$ cat start-v1.cif   # mmCIF, C-alpha atoms
data_upload
loop_
_atom_site.group_PDB
_atom_site.id
_atom_site.type_symbol
_atom_site.label_atom_id
_atom_site.label_comp_id
_atom_site.auth_asym_id
_atom_site.auth_seq_id
_atom_site.Cartn_x
_atom_site.Cartn_y
_atom_site.Cartn_z
ATOM 1 C CA MET A 288 31.471 2.131 -30.754
ATOM 2 C CA LYS A 289 33.084 -1.307 -30.660
ATOM 3 C CA LEU A 290 34.400 -2.693 -33.950
ATOM 4 C CA VAL A 291 34.054 -6.323 -34.972
ATOM 5 C CA ARG A 292 36.978 -8.199 -36.487
ATOM 6 C CA GLN A 293 36.085 -10.057 -39.685
ATOM 7 C CA ALA A 294 38.254 -12.544 -41.562
ATOM 8 C CA VAL A 295 38.429 -11.726 -45.266
ATOM 9 C CA LEU A 296 39.988 -13.823 -48.032
ATOM 10 C CA ASN A 297 41.934 -11.402 -50.243
ATOM 11 C CA VAL A 298 42.698 -11.737 -53.918
ATOM 12 C CA PHE A 299 45.975 -13.547 -53.167
ATOM 13 C CA GLY A 300 44.197 -16.331 -51.280
ATOM 14 C CA ILE A 301 45.480 -15.114 -47.917
ATOM 15 C CA PHE A 302 43.162 -14.394 -45.003
ATOM 16 C CA SER A 303 43.382 -10.932 -43.519
ATOM 17 C CA LEU A 304 41.479 -9.151 -40.720
ATOM 18 C CA SER A 305 39.278 -6.147 -41.253
ATOM 19 C CA PHE A 306 36.988 -4.241 -38.885
ATOM 20 C CA VAL A 307 33.321 -3.547 -39.489
ATOM 21 C CA ALA A 308 30.778 -1.661 -37.367
ATOM 22 C CA PRO A 309 28.102 -3.878 -35.740
ATOM 23 C CA VAL A 310 24.475 -3.549 -36.767
ATOM 24 C CA ALA A 311 22.432 -1.925 -33.975
ATOM 25 C CA LEU A 312 19.518 -4.024 -32.702
ATOM 26 C CA SER A 313 16.245 -2.117 -32.341
ATOM 27 C CA GLN A 314 14.464 -2.280 -28.974
ATOM 28 C CA GLU A 315 10.750 -2.244 -28.323
ATOM 29 C CA PRO A 316 9.643 1.067 -26.781
ATOM 30 C CA GLN A 317 8.845 0.802 -23.084
ATOM 31 C CA VAL A 318 5.635 2.402 -21.888
ATOM 32 C CA GLY A 319 3.385 1.748 -18.917
ATOM 33 C CA LEU A 320 3.583 1.317 -15.155
ATOM 34 C CA GLU A 321 6.909 0.409 -13.598
ATOM 35 C CA PHE A 322 6.029 -1.356 -10.339
ATOM 36 C CA LYS A 323 8.308 -1.127 -7.318
ATOM 37 C CA GLY A 324 9.809 -4.544 -6.622
ATOM 38 C CA PHE A 325 8.355 -6.147 -9.759
ATOM 39 C CA GLY A 326 8.832 -4.650 -13.210
ATOM 40 C CA LEU A 327 6.994 -3.153 -16.155
ATOM 41 C CA ASN A 328 3.214 -3.717 -16.231
ATOM 42 C CA VAL A 329 3.320 -6.794 -13.967
ATOM 43 C CA ALA A 330 2.878 -6.856 -10.171
ATOM 44 C CA GLN A 331 1.300 -8.715 -7.259
ATOM 45 C CA ILE A 332 -0.435 -7.725 -4.014
ATOM 46 C CA THR A 333 -1.138 -9.737 -0.859
ATOM 47 C CA ILE A 334 -4.609 -10.060 0.672
ATOM 48 C CA THR A 335 -4.357 -11.036 4.350
ATOM 49 C CA GLU A 336 -7.260 -12.696 6.180
ATOM 50 C CA PHE A 337 -7.041 -12.375 9.973
ATOM 51 C CA PHE A 338 -8.632 -14.947 12.284
ATOM 52 C CA GLY A 339 -8.766 -15.374 16.049
ATOM 53 C CA GLU A 340 -9.656 -12.668 18.574
ATOM 54 C CA CYS A 341 -9.358 -9.928 15.945
ATOM 55 C CA PRO A 342 -10.800 -11.179 12.630
ATOM 56 C CA GLY A 343 -10.712 -9.006 9.551
ATOM 57 C CA GLU A 344 -9.052 -8.441 6.202
ATOM 58 C CA ASP A 345 -6.185 -6.329 4.925
ATOM 59 C CA ILE A 346 -5.970 -5.641 1.193
ATOM 60 C CA GLY A 347 -2.497 -4.724 0.045
ATOM 61 C CA GLU A 348 -1.412 -1.930 -2.262
ATOM 62 C CA VAL A 349 1.359 -1.532 -4.813
ATOM 63 C CA LYS A 350 3.511 1.459 -5.796
ATOM 64 C CA ALA A 351 4.302 2.382 -9.399
ATOM 65 C CA HIS A 352 5.567 5.125 -11.725
ATOM 66 C CA PHE A 353 4.600 5.819 -15.330
ATOM 67 C CA ILE A 354 7.440 5.586 -17.858
ATOM 68 C CA SER A 355 7.733 6.116 -21.612
ATOM 69 C CA SER A 356 10.983 5.577 -23.481
ATOM 70 C CA VAL A 357 9.534 7.452 -26.468
ATOM 71 C CA ASN A 358 8.427 10.524 -24.504
ATOM 72 C CA PRO A 359 10.520 10.793 -21.316
ATOM 73 C CA PRO A 360 9.796 13.450 -18.673
ATOM 74 C CA SER A 361 10.451 17.076 -19.543
ATOM 75 C CA ALA A 362 9.884 20.476 -17.948
ATOM 76 C CA GLY A 363 6.204 21.380 -17.684
ATOM 77 C CA HIS A 364 4.945 17.865 -18.461
ATOM 78 C CA ARG A 365 2.194 15.941 -16.685
ATOM 79 C CA VAL A 366 0.666 12.556 -17.458
ATOM 80 C CA VAL A 367 -2.998 11.589 -17.104
ATOM 81 C CA ILE A 368 -3.725 7.847 -16.951
ATOM 82 C CA ARG A 369 -7.222 6.349 -17.103
ATOM 83 C CA ASN A 370 -8.220 2.764 -16.381
ATOM 84 C CA VAL A 371 -10.689 1.925 -19.156
ATOM 85 C CA THR A 372 -10.967 -1.777 -18.302
ATOM 86 C CA GLU A 373 -14.435 -3.259 -18.741
ATOM 87 C CA GLY A 374 -16.209 -3.239 -15.382
ATOM 88 C CA MET A 375 -14.894 0.136 -14.196
ATOM 89 C CA LYS A 376 -17.420 2.734 -13.007
ATOM 90 C CA SER A 377 -17.694 5.664 -15.407
ATOM 91 C CA THR A 378 -18.720 8.584 -13.166
ATOM 92 C CA PRO A 379 -15.874 9.431 -13.427
ATOM 93 C CA ILE A 380 -13.742 6.616 -14.762
ATOM 94 C CA PRO A 381 -10.759 5.962 -12.432
ATOM 95 C CA TYR A 382 -7.810 8.179 -13.366
ATOM 96 C CA THR A 383 -4.646 9.720 -11.956
ATOM 97 C CA ASN A 384 -2.917 12.983 -12.894
ATOM 98 C CA ARG A 385 0.792 12.980 -12.018
ATOM 99 C CA GLU A 386 3.837 15.183 -12.466
ATOM 100 C CA TYR A 387 6.070 14.042 -15.335
ATOM 101 C CA ASP A 388 8.746 16.703 -15.502
ATOM 102 C CA ASP A 389 11.956 15.274 -14.044
ATOM 103 C CA GLY A 390 14.172 12.176 -14.112
ATOM 104 C CA ARG A 391 13.052 9.141 -16.092
ATOM 105 C CA ARG A 392 9.591 8.496 -14.653
ATOM 106 C CA SER A 393 6.476 10.134 -13.239
ATOM 107 C CA GLN A 394 5.513 11.087 -9.725
ATOM 108 C CA GLY A 395 4.626 8.007 -7.640
ATOM 109 C CA ILE A 396 1.251 6.241 -7.970
ATOM 110 C CA THR A 397 -0.443 4.053 -5.328
ATOM 111 C CA LEU A 398 -2.751 1.368 -6.732
ATOM 112 C CA ILE A 399 -5.376 -0.648 -4.833
ATOM 113 C CA PRO A 400 -8.198 -2.941 -6.027
ATOM 114 C CA GLY A 401 -11.523 -1.294 -6.866
ATOM 115 C CA THR A 402 -13.756 0.016 -9.629
ATOM 116 C CA GLU A 403 -14.577 3.554 -8.406
ATOM 117 C CA HIS A 404 -12.428 6.667 -8.719
ATOM 118 C CA LYS A 405 -10.673 7.822 -5.532
ATOM 119 C CA ARG A 406 -8.553 10.938 -5.122
ATOM 120 C CA ARG A 407 -5.600 9.458 -3.240
ATOM 121 C CA THR A 408 -5.318 6.052 -4.934
ATOM 122 C CA PHE A 409 -5.591 4.633 -8.452
ATOM 123 C CA ARG A 410 -7.925 1.672 -8.928
ATOM 124 C CA PHE A 411 -7.475 -1.601 -10.807
ATOM 125 C CA ILE A 412 -9.262 -4.955 -11.154
ATOM 126 C CA PRO A 413 -7.033 -7.746 -9.776
ATOM 127 C CA ASN A 414 -6.242 -10.976 -11.631
ATOM 128 C CA LYS A 415 -7.341 -9.461 -14.925
ATOM 129 C CA THR A 416 -5.679 -7.674 -17.824
ATOM 130 C CA ASN A 417 -6.306 -3.971 -17.191
ATOM 131 C CA THR A 418 -6.303 -1.548 -20.114
ATOM 132 C CA PHE A 419 -4.960 1.951 -19.471
ATOM 133 C CA GLU A 420 -5.046 5.026 -21.696
ATOM 134 C CA PHE A 421 -2.571 7.852 -21.144
ATOM 135 C CA GLU A 422 -2.059 11.439 -22.269
ATOM 136 C CA ILE A 423 1.183 13.351 -21.823
ATOM 137 C CA LEU A 424 0.477 17.056 -21.413
ATOM 138 C CA GLN A 425 2.590 20.156 -21.754
ATOM 139 C CA ASP A 426 0.937 23.302 -20.431
ATOM 140 C CA LYS A 427 -2.412 21.446 -20.562
ATOM 141 C CA GLN A 428 -1.956 20.568 -24.250
ATOM 142 C CA VAL A 429 -1.810 16.891 -25.284
ATOM 143 C CA ILE A 430 1.536 16.176 -26.965
ATOM 144 C CA ASN A 431 1.396 12.367 -26.909
ATOM 145 C CA LYS A 432 -1.160 9.695 -26.101
ATOM 146 C CA GLY A 433 -1.520 5.951 -26.252
ATOM 147 C CA SER A 434 -2.488 2.856 -24.296
ATOM 148 C CA PHE A 435 -0.932 -0.119 -22.528
ATOM 149 C CA GLU A 436 -2.014 -3.198 -20.589
ATOM 150 C CA SER A 437 -1.063 -4.346 -17.113
ATOM 151 C CA VAL A 438 -1.816 -7.338 -14.873
ATOM 152 C CA ILE A 439 -1.772 -7.208 -11.063
ATOM 153 C CA SER A 440 -2.372 -10.606 -9.504
ATOM 154 C CA THR A 441 -3.177 -11.469 -5.885
ATOM 155 C CA THR A 442 -1.848 -13.909 -3.341
ATOM 156 C CA ASN A 443 -3.706 -14.825 -0.144
ATOM 157 C CA LYS A 444 -2.504 -15.660 3.342
ATOM 158 C CA LYS A 445 -4.109 -16.269 6.752
ATOM 159 C CA VAL A 446 -2.725 -14.803 9.968
ATOM 160 C CA GLU A 447 -3.905 -15.217 13.559
ATOM 161 C CA ARG A 448 -4.391 -11.844 15.232
ATOM 162 C CA LYS A 449 -4.747 -11.554 19.001
ATOM 163 C CA MET A 450 -5.922 -8.766 21.249
ATOM 164 C CA THR A 451 -3.538 -6.625 23.246
ATOM 165 C CA TRP A 452 -4.476 -6.584 26.926
ATOM 166 C CA ARG A 453 -3.703 -3.901 29.505
ATOM 167 C CA SER A 454 -4.949 -3.135 32.999
ATOM 168 C CA GLU A 455 -6.921 0.027 33.691
ATOM 169 C CA GLU A 456 -8.866 1.717 36.439
ATOM 170 C CA PHE A 457 -12.566 2.235 35.876
ATOM 171 C CA CYS A 458 -15.595 3.426 37.775
ATOM 172 C CA VAL A 459 -18.178 0.750 38.524
ATOM 173 C CA ASP A 460 -20.880 3.426 38.901
ATOM 174 C CA THR A 461 -20.408 4.712 35.343
ATOM 175 C CA ASP A 462 -17.530 4.990 32.902
ATOM 176 C CA LYS A 463 -18.344 8.680 32.487
ATOM 177 C CA THR A 464 -17.418 9.515 36.083
ATOM 178 C CA TYR A 465 -13.935 10.845 36.840
ATOM 179 C CA MET A 466 -11.997 8.510 39.113
ATOM 180 C CA LYS A 467 -11.562 11.229 41.735
ATOM 181 C CA ASP A 468 -15.374 11.439 42.017
ATOM 182 C CA CYS A 469 -15.988 7.695 41.802
ATOM 183 C CA LYS A 470 -17.664 5.999 44.757
ATOM 184 C CA THR A 471 -17.007 2.453 43.546
ATOM 185 C CA PRO A 472 -13.636 2.168 41.798
ATOM 186 C CA GLY A 473 -12.477 -1.012 40.142
ATOM 187 C CA ILE A 474 -9.713 -2.565 38.078
ATOM 188 C CA ARG A 475 -10.112 -4.531 34.866
ATOM 189 C CA GLU A 476 -8.195 -5.700 31.833
ATOM 190 C CA LYS A 477 -9.150 -4.142 28.521
ATOM 191 C CA GLY A 478 -8.431 -5.988 25.299
ATOM 192 C CA SER A 479 -8.216 -4.145 21.983
ATOM 193 C CA CYS A 480 -7.475 -5.091 18.386
ATOM 194 C CA PRO A 481 -4.736 -3.383 16.345
ATOM 195 C CA ASP A 482 -7.330 -1.605 14.190
ATOM 196 C CA SER A 483 -9.349 -0.545 17.291
ATOM 197 C CA SER A 484 -12.396 -2.341 15.885
ATOM 198 C CA THR A 485 -13.113 -4.529 18.939
ATOM 199 C CA TYR A 486 -12.898 -4.098 22.710
ATOM 200 C CA LYS A 487 -13.376 -6.701 25.426
ATOM 201 C CA TYR A 488 -13.000 -6.729 29.203
ATOM 202 C CA ARG A 489 -11.891 -9.495 31.550
ATOM 203 C CA ASN A 490 -10.597 -10.092 35.082
ATOM 204 C CA ILE A 491 -12.739 -7.324 36.556
ATOM 205 C CA ARG A 492 -11.971 -6.567 40.204
ATOM 206 C CA HIS A 493 -14.524 -4.519 42.142
ATOM 207 C CA LEU A 494 -13.230 -2.664 45.176
ATOM 208 C CA GLU A 495 -15.279 -1.904 48.263
ATOM 209 C CA SER A 496 -17.304 1.276 48.153
ATOM 210 C CA LYS A 497 -15.155 4.403 48.729
ATOM 211 C CA LYS A 498 -12.106 2.251 49.428
ATOM 212 C CA LYS A 499 -8.901 3.708 48.026
ATOM 213 C CA LEU A 500 -6.278 1.542 46.413
ATOM 214 C CA THR A 501 -3.269 0.695 48.527
ATOM 215 C CA LYS A 502 0.213 1.407 47.221
ATOM 216 C CA MET A 503 0.668 -2.320 46.640
ATOM 217 C CA GLU A 504 -2.603 -2.532 44.680
ATOM 218 C CA ILE A 505 -1.590 0.464 42.576
ATOM 219 C CA LEU A 506 1.781 -1.144 41.895
ATOM 220 C CA LYS A 507 0.151 -4.442 40.896
ATOM 221 C CA PHE A 508 -2.337 -2.563 38.724
ATOM 222 C CA ARG A 509 0.413 -0.724 36.868
ATOM 223 C CA GLN A 510 2.284 -3.978 36.331
ATOM 224 C CA GLY A 511 -0.890 -5.572 34.979
ATOM 225 C CA ILE A 512 -0.826 -8.592 37.298
ATOM 226 C CA PHE A 513 -4.308 -8.339 38.840
ATOM 227 C CA ARG A 514 -6.336 -11.497 38.303
ATOM 228 C CA GLN A 515 -9.602 -12.808 39.698
#
$ encode --input "start-v1.cif" --output "structure tokens"
Amino acid sequence: MKLVRQAVLNVFGIFSLSFVAPVALSQEPQVGLEFKGFGLNVAQITITEFFGECPGEDIGEVKAHFISSVNPPSAGHRVVIRNVTEGMKSTPIPYTNREYDDGRRSQGITLIPGTEHKRRTFRFIPNKTNTFEFEILQDKQVINKGSFESVISTTNKKVERKMTWRSEEFCVDTDKTYMKDCKTPGIREKGSCPDSSTYKYRNIRHLESKKKLTKMEILKFRQGIFRQ
């Protein structure tokens, strides 16, 4: 412990130095969700709106761990956290049950927006103060419980998303026919979105009936340079 020097006026009117122990400052107990990249009980996710050839939406997620400076992890401990915020569905109310037996924090938690309980993710209502209740268990017995509040805000961005195009052989007769049995083969470009939600075709080249592709045509096809 560091000692603090203090000037004292003695009985002879001469200043002398003495050492006194500092007074320890009390700290507020820390309890709640420690968010990766943010801090305690405060975080932000990004909602991305895609436009262009592949429209859609991507809702972000955030990672967290439960911590409690009063009751840190110990052997045989688990923590159950419930989101009791008004507006949450109650059958069952969203909860997560995580290991809490090593280090300084719980097993990882993935949070995404929503009001219904899901097994793999923990739900929260964005841009609102969420109220959580927790129970720390040892061998299924509650040894500590309490509550805390957390706010996860959102930020929005727009991103253009284009299709990825590639050349492919296909059978004009029917797509279900193997190419070796196809009487009318063709070449086309197939466009697909990253999430495989949309397909389009363009630059379709029909070959003459029963005509086989030349080596040059096959080479051009593989290089994806066929055009109408």
$ atom_distance --input "start-v1.cif" --atom1 "CA of Asn490 (chain A)" --atom2 "CA of Gly339 (chain A)"
19.8 Å
$ closest_residue --input "start-v1.cif" --among "A:Arg489, A:Lys405, A:Lys467, A:Lys432" --to "Arg453 (chain A)" --atoms "only C-alpha atoms"
A:Arg489
$ resolve_selection --input "start-v1.cif" --expression "the PyMOL selection byres ((chain A and resi 355) around 12)" --output "short mmCIF file (atom, residue, chain, number, x, y, z; two decimals) with C-alpha atoms, in the coordinates of the input"
data_model
loop_
_atom_site.label_atom_id
_atom_site.label_comp_id
_atom_site.auth_asym_id
_atom_site.auth_seq_id
_atom_site.Cartn_x
_atom_site.Cartn_y
_atom_site.Cartn_z
CA GLU A 315 10.75 -2.24 -28.32
CA PRO A 316 9.64 1.07 -26.78
CA GLN A 317 8.85 0.80 -23.08
CA VAL A 318 5.64 2.40 -21.89
CA GLY A 319 3.38 1.75 -18.92
CA LEU A 320 3.58 1.32 -15.16
CA GLU A 321 6.91 0.41 -13.60
CA LEU A 327 6.99 -3.15 -16.16
CA HIS A 352 5.57 5.12 -11.72
CA PHE A 353 4.60 5.82 -15.33
CA ILE A 354 7.44 5.59 -17.86
CA SER A 356 10.98 5.58 -23.48
CA VAL A 357 9.53 7.45 -26.47
CA ASN A 358 8.43 10.52 -24.50
CA PRO A 359 10.52 10.79 -21.32
CA PRO A 360 9.80 13.45 -18.67
CA SER A 361 10.45 17.08 -19.54
CA VAL A 366 0.67 12.56 -17.46
CA TYR A 387 6.07 14.04 -15.34
CA GLY A 390 14.17 12.18 -14.11
CA ARG A 391 13.05 9.14 -16.09
CA ARG A 392 9.59 8.50 -14.65
CA SER A 393 6.48 10.13 -13.24
CA PHE A 421 -2.57 7.85 -21.14
CA GLU A 422 -2.06 11.44 -22.27
CA ILE A 423 1.18 13.35 -21.82
CA ASN A 431 1.40 12.37 -26.91
CA LYS A 432 -1.16 9.70 -26.10
CA GLY A 433 -1.52 5.95 -26.25
CA SER A 434 -2.49 2.86 -24.30
CA PHE A 435 -0.93 -0.12 -22.53
#
$ resolve_selection --input "start-v1.cif" --expression "the PyMOL selection byres ((chain A and resi 379) around 10)" --output "list of chain:residue names"
A:Arg369, A:Met375, A:Lys376, A:Ser377, A:Thr378, A:Ile380, A:Pro381, A:Tyr382, A:Glu403, A:His404, A:Lys405
$ atom_distance --input "start-v1.cif" --atom1 "CA of Ser437 (chain A)" --atom2 "CA of Ile346 (chain A)"
19.0 Å
$ residues_around --input "start-v1.cif" --residues "Pro400 (chain A)" --least-positions-apart "3" --cutoff "9 Å" --atoms "only C-alpha atoms" --output "list in words"
Ile346, Gly347, Glu348, Phe409, Arg410, Phe411, Ile412 and Pro413 of chain A
$ atom_distance --input "start-v1.cif" --atom1 "CA of Gly401 (chain A)" --atom2 "CA of Ala330 (chain A)"
15.8 Å
$ closest_residue --input "start-v1.cif" --among "A:Val349, A:Leu424, A:Ala362, A:Val429" --to "Gly395 (chain A)" --atoms "only C-alpha atoms"
A:Val349
$ residues_around --input "start-v1.cif" --residues "Ser479 (chain A)" --least-positions-apart "6" --cutoff "7 Å" --atoms "only C-alpha atoms" --output "JSON, numbers by chain"
{"A": [450, 451, 452, 485, 486, 487]}
$ resolve_selection --input "start-v1.cif" --expression "the PyMOL selection byres ((chain A and resi 338) around 10)" --output "ChimeraX atom specification"
/A:335-337,339-344,445-449
$ residues_near_point --input "start-v1.cif" --point "(-0.2, 12.2, -11.9)" --cutoff "7 Å" --atoms "all atoms listed in the file" --output "number ranges by chain"
A: 365-367, 383-386, 394
$ closest_residue --input "start-v1.cif" --among "A:Val459, A:Ile334, A:Gly363, A:Asn370" --to "Glu436 (chain A)" --atoms "all atoms listed in the file"
A:Asn370
$ closest_residue --input "start-v1.cif" --among "A:Gln428, A:Phe419, A:Ile396, A:Gly473" --to "Lys350 (chain A)" --atoms "all atoms listed in the file"
A:Ile396
$ closest_residue --input "start-v1.cif" --among "A:Asp468, A:Glu456, A:Gln425, A:Pro481" --to "Asp345 (chain A)" --atoms "all atoms listed in the file"
A:Pro481
$ decode --input "start-v1.cif" --residues "region 432-443 of chain A" --atoms "N, CA, C and O atoms" --output "PDB file, in the first residue's frame"
ATOM      1  N   LYS A 432     -29.259 -13.558  -6.999  1.00  0.00           N
ATOM      2  CA  LYS A 432     -30.115 -13.094  -8.080  1.00  0.00           C
ATOM      3  C   LYS A 432     -30.234 -11.584  -8.025  1.00  0.00           C
ATOM      4  O   LYS A 432     -29.940 -10.948  -7.007  1.00  0.00           O
ATOM      5  N   GLY A 433     -30.650 -11.013  -9.138  1.00  0.00           N
ATOM      6  CA  GLY A 433     -30.774  -9.563  -9.207  1.00  0.00           C
ATOM      7  C   GLY A 433     -31.256  -9.144 -10.581  1.00  0.00           C
ATOM      8  O   GLY A 433     -31.781  -9.957 -11.351  1.00  0.00           O
ATOM      9  N   SER A 434     -31.066  -7.882 -10.906  1.00  0.00           N
ATOM     10  CA  SER A 434     -31.504  -7.356 -12.197  1.00  0.00           C
ATOM     11  C   SER A 434     -30.557  -6.253 -12.648  1.00  0.00           C
ATOM     12  O   SER A 434     -29.798  -5.695 -11.848  1.00  0.00           O
ATOM     13  N   PHE A 435     -30.603  -5.953 -13.928  1.00  0.00           N
ATOM     14  CA  PHE A 435     -29.815  -4.855 -14.496  1.00  0.00           C
ATOM     15  C   PHE A 435     -30.500  -4.385 -15.774  1.00  0.00           C
ATOM     16  O   PHE A 435     -31.399  -5.053 -16.299  1.00  0.00           O
ATOM     17  N   GLU A 436     -30.091  -3.234 -16.263  1.00  0.00           N
ATOM     18  CA  GLU A 436     -30.660  -2.674 -17.486  1.00  0.00           C
ATOM     19  C   GLU A 436     -29.570  -2.503 -18.535  1.00  0.00           C
ATOM     20  O   GLU A 436     -28.397  -2.296 -18.209  1.00  0.00           O
ATOM     21  N   SER A 437     -29.988  -2.602 -19.800  1.00  0.00           N
ATOM     22  CA  SER A 437     -29.042  -2.490 -20.901  1.00  0.00           C
ATOM     23  C   SER A 437     -29.729  -1.848 -22.098  1.00  0.00           C
ATOM     24  O   SER A 437     -30.928  -2.046 -22.309  1.00  0.00           O
ATOM     25  N   VAL A 438     -28.961  -1.087 -22.878  1.00  0.00           N
ATOM     26  CA  VAL A 438     -29.493  -0.435 -24.080  1.00  0.00           C
ATOM     27  C   VAL A 438     -28.625  -0.826 -25.277  1.00  0.00           C
ATOM     28  O   VAL A 438     -27.406  -0.652 -25.244  1.00  0.00           O
ATOM     29  N   ILE A 439     -29.274  -1.358 -26.314  1.00  0.00           N
ATOM     30  CA  ILE A 439     -28.588  -1.684 -27.567  1.00  0.00           C
ATOM     31  C   ILE A 439     -29.248  -0.866 -28.670  1.00  0.00           C
ATOM     32  O   ILE A 439     -30.399  -1.107 -29.030  1.00  0.00           O
ATOM     33  N   SER A 440     -28.527   0.099 -29.183  1.00  0.00           N
ATOM     34  CA  SER A 440     -29.073   0.978 -30.216  1.00  0.00           C
ATOM     35  C   SER A 440     -28.752   0.425 -31.602  1.00  0.00           C
ATOM     36  O   SER A 440     -28.006  -0.544 -31.750  1.00  0.00           O
ATOM     37  N   THR A 441     -29.336   1.045 -32.631  1.00  0.00           N
ATOM     38  CA  THR A 441     -29.108   0.605 -34.004  1.00  0.00           C
ATOM     39  C   THR A 441     -28.598   1.756 -34.856  1.00  0.00           C
ATOM     40  O   THR A 441     -28.882   2.926 -34.593  1.00  0.00           O
ATOM     41  N   THR A 442     -27.832   1.393 -35.869  1.00  0.00           N
ATOM     42  CA  THR A 442     -27.427   2.339 -36.894  1.00  0.00           C
ATOM     43  C   THR A 442     -27.740   1.707 -38.241  1.00  0.00           C
ATOM     44  O   THR A 442     -27.641   0.487 -38.395  1.00  0.00           O
ATOM     45  N   ASN A 443     -28.152   2.512 -39.217  1.00  0.00           N
ATOM     46  CA  ASN A 443     -28.585   1.994 -40.507  1.00  0.00           C
ATOM     47  C   ASN A 443     -27.642   2.431 -41.619  1.00  0.00           C
ATOM     48  O   ASN A 443     -27.084   3.527 -41.584  1.00  0.00           O
TER      49      ASN A 443
END
